[in-house]
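Report on the following structure.
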Amino acid sequence: MYNKVDAEVVAELRQIVGEGNVLVKREDIEPYTHDEVVGLRADPEVVVKATSAQQIAAIFKLAQRKRIPVTPRGAGWGLSGGAVPVCGGIVLSLEKMNRILEIDKENLMVTVEPGVITGDIHRAVEAEGLFYPPDPASLDSCSIGGNIAEGAGGPRAVKYGTTMHYVCGLEAVLPSGDIIMCGGKLVKNVTGYNLIQLIIGSEGTLAVVTKIILRLLPLPKEQIDLLVPYDDFQAAADTVSAIIAQRIVPATIEFMERDSILAVERLLQKEVPYDDAEAHLLIQLDGNYREQVDADMEIVGELCLQHGARDVLVARDRPTRDRLWEARRKIIEALKHESPINHMEDVVVPRSEIPRLLKGVKEIAREYGVRIISFGHAGDGNVHLNVLKDDLSMERWEELVPRIEEAVYRLTLSLGGTITGEHGVGATRRRYLPLALDEAQIALQRRMRAAFDPNQILNPNKIFP
Ligand SMILES: Cc1cc2nc3c(=O)[nH]c(=O)nc-3n(C[C@H](O)[C@H](O)[C@H](O)COP(=O)(O)OP(=O)(O)OC[C@H]3O[C@@H](n4cnc5c(N)ncnc54)[C@H](O)[C@@H]3O)c2cc1C
């Protein structure tokens, strides 16, 4: 279906982006063969680092003419294989388009290129007393373009929403080579279909995003973090409902089950308080007035204790808060340390169904004889389930993973949930899409994709089975 990249194509690419921005040597393209999904790799035939929308338009025109697939890539920190060039062809890296173009303090907007690392946006706007809330745990490594493509979330989603709630304008290059500008520094805009929200979460299959205008908030002046251990996960879940019922919405409500805490202890070689507790909640309260945040903390602390918390550890200053968060931030690394081969799921259920989900997952783990360790966002129902290979043979592991995946998805869907909350379908979950979406929706989405990209040159073999 696709043609190979030949010397003529490479020469044309060099003309478009310059000699130094085209990589073809094996050792140079190796970093672009994978993202953060364990065990998924594919070789691009060429890697191109673009520096402008016009260059990307020219690359698309060439790729259309020669029928060569193009896979966009931000920082390669994805967890669904979206940036992996599974059909070969061109990897289009956005890493050099990494400028923060403007912080507009009057309109409370920041304009950035797609390759900017998300944490750099946080730091730049915070220096001006402003706040960009979406905070994927990978924020010091992933790019804002990747966040847009995946619809990335983070712990603060419970109060502040996800990437999709902050994008007011997008410049994008269509696979045809046309450059479009959707929206702008506009808080309101209902002119035509909402292409911004269609492109967000489209996993690099509809267009390549080349400029982004993000809405900002004033930076909250006060923050308090609470680490709360429980002997029973249900009690922790009941606390979450009780907090929300009091009309208090914390910035984050994360949970970590005991096995994840023990894994972090083994990695860091130090103790986490109450490491024998079945689950920990990590709650962050924020606001502008000390008295208000303190009053919320009193109510939340009291509710935690009423619902059976063993203690409520409070952190006000930055170093103590960082210490409380250290375990949460280190979980993924700790799980890799436990078992370098592991498999992460990203399911989401209504918040109240988390205890039933975790109970069902434990039964699945027992049935298949594997360890499945959970942590995630108790405030928004998004649970990361990590299946560890441990000392299973590779053959047994490869046979078990799809069966476990399907069992987990069927359980999640039976609880009113869905198969991915923030990591995307990508290459890894596409065969399960028909479990989550009906035929009519999949057919409609395929037609939408075809309207953008009739020749399927942009990121093929992603999302759809
Ligand atoms: C340790 C760890 C923690 C993580 N924590 C979180 C978390 O808390 N929340 C969360 O949501 N995710 C999390 N992730 C997943 C990941 O970091 C996010 O999906 C992130 O958005 C990926 O960004 P990236 O720049 O690395 O994208 P890449 O992996 O490079 O690409 C991801 C997808 O975006 C497309 N793409 C990239 N740039 C563009 C562009 N400019 N235009 C069009 N398409 C583009 C690619 O084609 C691909 O399909 C985590 C990952 C790791 C490894």
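Just so we're on the same page: first chain in the structure tokens is A, next is B, and so on; residues restart at 1 for each chain, and ligands are numbered from 1 in the order they show up.
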| Residues within 12 Å of segment 258-262 of chain A, only C-alpha atoms, excluding chain neighbours under 6 positions, as a PyMOL selection string | chain A and resi 229-233+268-281+324-338+371-376+384-388
Write out as CSV the residues of segment 297-317 of chain A that have any atom within 9 Å of an atom of segment 237-245 of chain A, one row each with the nearest atom pair and its distance in Å to one decimal, counting only C-alpha atoms, sorted by chain and then rising number.
```
residue,atom,partner,partner_atom,distance
A:Ile299,CA,A:Ile243,CA,8.3
A:Val300,CA,A:Ile243,CA,6.3
A:Leu303,CA,A:Thr239,CA,6.5
A:Cys304,CA,A:Thr239,CA,5.8
A:Leu305,CA,A:Thr239,CA,8.9
A:Gln306,CA,A:Thr239,CA,8.4
A:His307,CA,A:Thr239,CA,5.9
A:Gly308,CA,A:Thr239,CA,8.7
A:Ala309,CA,A:Thr239,CA,8.8
```
| field | Test item: residues no farther than 6 Å from ligand 1, counting only C-alpha atoms and all ligand atoms, as number ranges by chain | value | A: 35-36, 71-79, 82-83, 114, 136-138, 142-143, 145-147, 149-150, 152-154, 203-204, 207-210, 332, 422-423
| request: Mind the document's chain letters and residue numbers, and return as a PyMOL selection string the residues of segment 61-268 of chain A that DSSP labels strand (DSSP E). | output: chain A and resi 70-73+90-93+100-104+109-112+130-131+167-173+179-183+208-215+217-218+222-230+252-257
Selected residues written out, C-alpha atoms, as a tab-separated table (two decimals), in the first residue's frame:
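New file again24.tsv:
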```
chain	number	residue	atom	x	y	z
A	70	VAL	CA	4.23	10.09	8.15
A	71	THR	CA	4.22	9.56	11.93
A	72	PRO	CA	4.32	12.73	14.07
A	73	ARG	CA	6.40	12.61	17.22
A	90	ILE	CA	8.89	9.20	7.80
A	91	VAL	CA	8.97	10.08	11.50
A	92	LEU	CA	8.17	13.79	11.70
A	93	SER	CA	9.78	15.08	14.89
A	100	ILE	CA	7.23	29.75	23.99
A	101	LEU	CA	6.14	32.52	21.63
A	102	GLU	CA	4.19	34.82	23.93
A	103	ILE	CA	2.72	35.09	27.42
A	104	ASP	CA	-0.20	37.49	27.07
A	109	MET	CA	-3.13	33.25	27.24
A	110	VAL	CA	0.18	31.63	26.31
A	111	THR	CA	1.14	30.83	22.70
A	112	VAL	CA	3.57	27.96	22.21
A	130	LEU	CA	-0.13	32.55	36.12
A	131	PHE	CA	-1.18	28.92	36.06
A	167	VAL	CA	-6.93	25.06	24.28
A	168	CYS	CA	-8.42	28.18	22.64
A	169	GLY	CA	-6.49	28.18	19.38
A	170	LEU	CA	-4.60	25.71	17.21
A	171	GLU	CA	-2.60	26.06	14.02
A	172	ALA	CA	-2.39	22.72	12.26
A	173	VAL	CA	-1.13	21.26	9.00
A	179	ILE	CA	-2.30	25.04	6.98
A	180	ILE	CA	-5.36	25.95	9.08
A	181	MET	CA	-5.81	28.22	12.09
A	182	CYS	CA	-8.70	27.22	14.39
A	183	GLY	CA	-9.86	29.62	17.09
A	208	VAL	CA	-0.06	17.95	12.84
A	209	VAL	CA	-0.40	20.71	15.42
A	210	THR	CA	2.15	23.50	14.88
A	211	LYS	CA	1.03	26.30	17.21
A	212	ILE	CA	-1.13	26.29	20.33
A	213	ILE	CA	-2.89	29.05	22.26
A	214	LEU	CA	-3.64	28.01	25.85
A	215	ARG	CA	-5.90	29.70	28.37
A	217	LEU	CA	-5.61	31.03	35.27
A	218	PRO	CA	-4.21	33.14	38.10
A	222	GLU	CA	-1.92	28.67	48.83
A	223	GLN	CA	-1.53	24.89	48.71
A	224	ILE	CA	-1.69	22.18	51.35
A	225	ASP	CA	-1.09	18.46	50.78
A	226	LEU	CA	-2.43	15.63	52.92
A	227	LEU	CA	-1.20	12.03	52.93
A	228	VAL	CA	-3.87	9.78	54.41
A	229	PRO	CA	-3.37	6.03	55.09
A	230	TYR	CA	-6.31	3.59	55.28
A	252	THR	CA	-5.98	16.35	43.39
A	253	ILE	CA	-7.17	13.14	45.05
A	254	GLU	CA	-4.69	10.42	44.15
A	255	PHE	CA	-4.60	6.88	45.49
A	256	MET	CA	-1.80	4.36	45.83
A	257	GLU	CA	-2.36	0.80	46.91
```
| said: Could you tell me how far atom CA of Ala236 of chain A sits from atom CA of Asn342 of chain A, in Å to one decimal place? | reply: 26.8 Å
| message | With DSSP run on the backbone, what are the alpha helix (DSSP H) residues within segment 11-253 of chain A? I'd like them as a VMD selection string. | response | chain A and resid 11 to 17 26 to 29 53 to 66 118 to 126 144 to 150 157 to 160 195 to 199 233 to 245
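Among the candidates A:Lys4, A:Arg429, A:His165, A:Lys25, the residue lying nearest to Gly88 of chain A is A:Lys4 (atoms considered: only C-alpha atoms).
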| message | What's around segment 351-362 of chain A at 6 Å? Count only C-alpha atoms, leave out sequence neighbours fewer than 3 positions away in its own chain, and write the answer as a list in words. | response |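 Returned residues: Gln234, Ala365, Asp380 and Gly381 of chain A.
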Could those residues be written to a file, using C-alpha atoms, as an mmCIF file, in the first residue's frame?
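Final file, result19.cif:
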```cif
data_model
loop_
_atom_site.group_PDB
_atom_site.id
_atom_site.type_symbol
_atom_site.label_atom_id
_atom_site.label_comp_id
_atom_site.auth_asym_id
_atom_site.auth_seq_id
_atom_site.Cartn_x
_atom_site.Cartn_y
_atom_site.Cartn_z
ATOM 1 C CA GLN A 234 -13.576 1.096 50.490
ATOM 2 C CA ALA A 365 -4.860 -11.306 39.003
ATOM 3 C CA ASP A 380 -11.677 11.291 38.534
ATOM 4 C CA GLY A 381 -11.984 7.488 38.349
#
```
| message | Show me, as a list of chain:residue names, the residues that have an atom within 9 Å of segment 418-421 of chain A when counting only C-alpha atoms, minus same-chain residues fewer than 3 positions from it. | response | A:Gly151, A:Ala152, A:Gly153, A:Glu345, A:Asp346, A:Val347, A:Val348, A:Val349, A:Gly381, A:Asn382, A:Val383, A:Val408, A:Tyr409, A:Arg410, A:Thr412, A:Leu413, A:Leu415, A:Gly424, A:Val425, A:Arg429, A:Tyr432, A:Leu433, A:Leu435, A:Ala436
| task | Go ahead and compute the interatomic distance for atom CA of Glu395 of chain A and atom CA of Ser414 of chain A, in Å to one decimal. | result |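 Atom-to-atom, atom CA of Glu395 of chain A and atom CA of Ser414 of chain A are spaced 29.7 Å apart.
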| task | Please identify all polymer residues within 7 Å of Val22 of chain A, counting only C-alpha atoms, omitting same-chain residues fewer than 3 positions from it, and present them as a ChimeraX atom specification. | result | /A:14,19,46-49
| Could you state the separation of atom CA of Arg290 of chain A and atom CA of Lys221 of chain A in Å, given to one decimal place? |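 Atom CA of Lys221 of chain A lies 8.2 Å from atom CA of Arg290 of chain A.
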| field | Residues near segment 8-12 of chain A, cut-off 9 Å, only C-alpha atoms, skip fewer than 4 positions along chain, as a count of residues only | value | 10
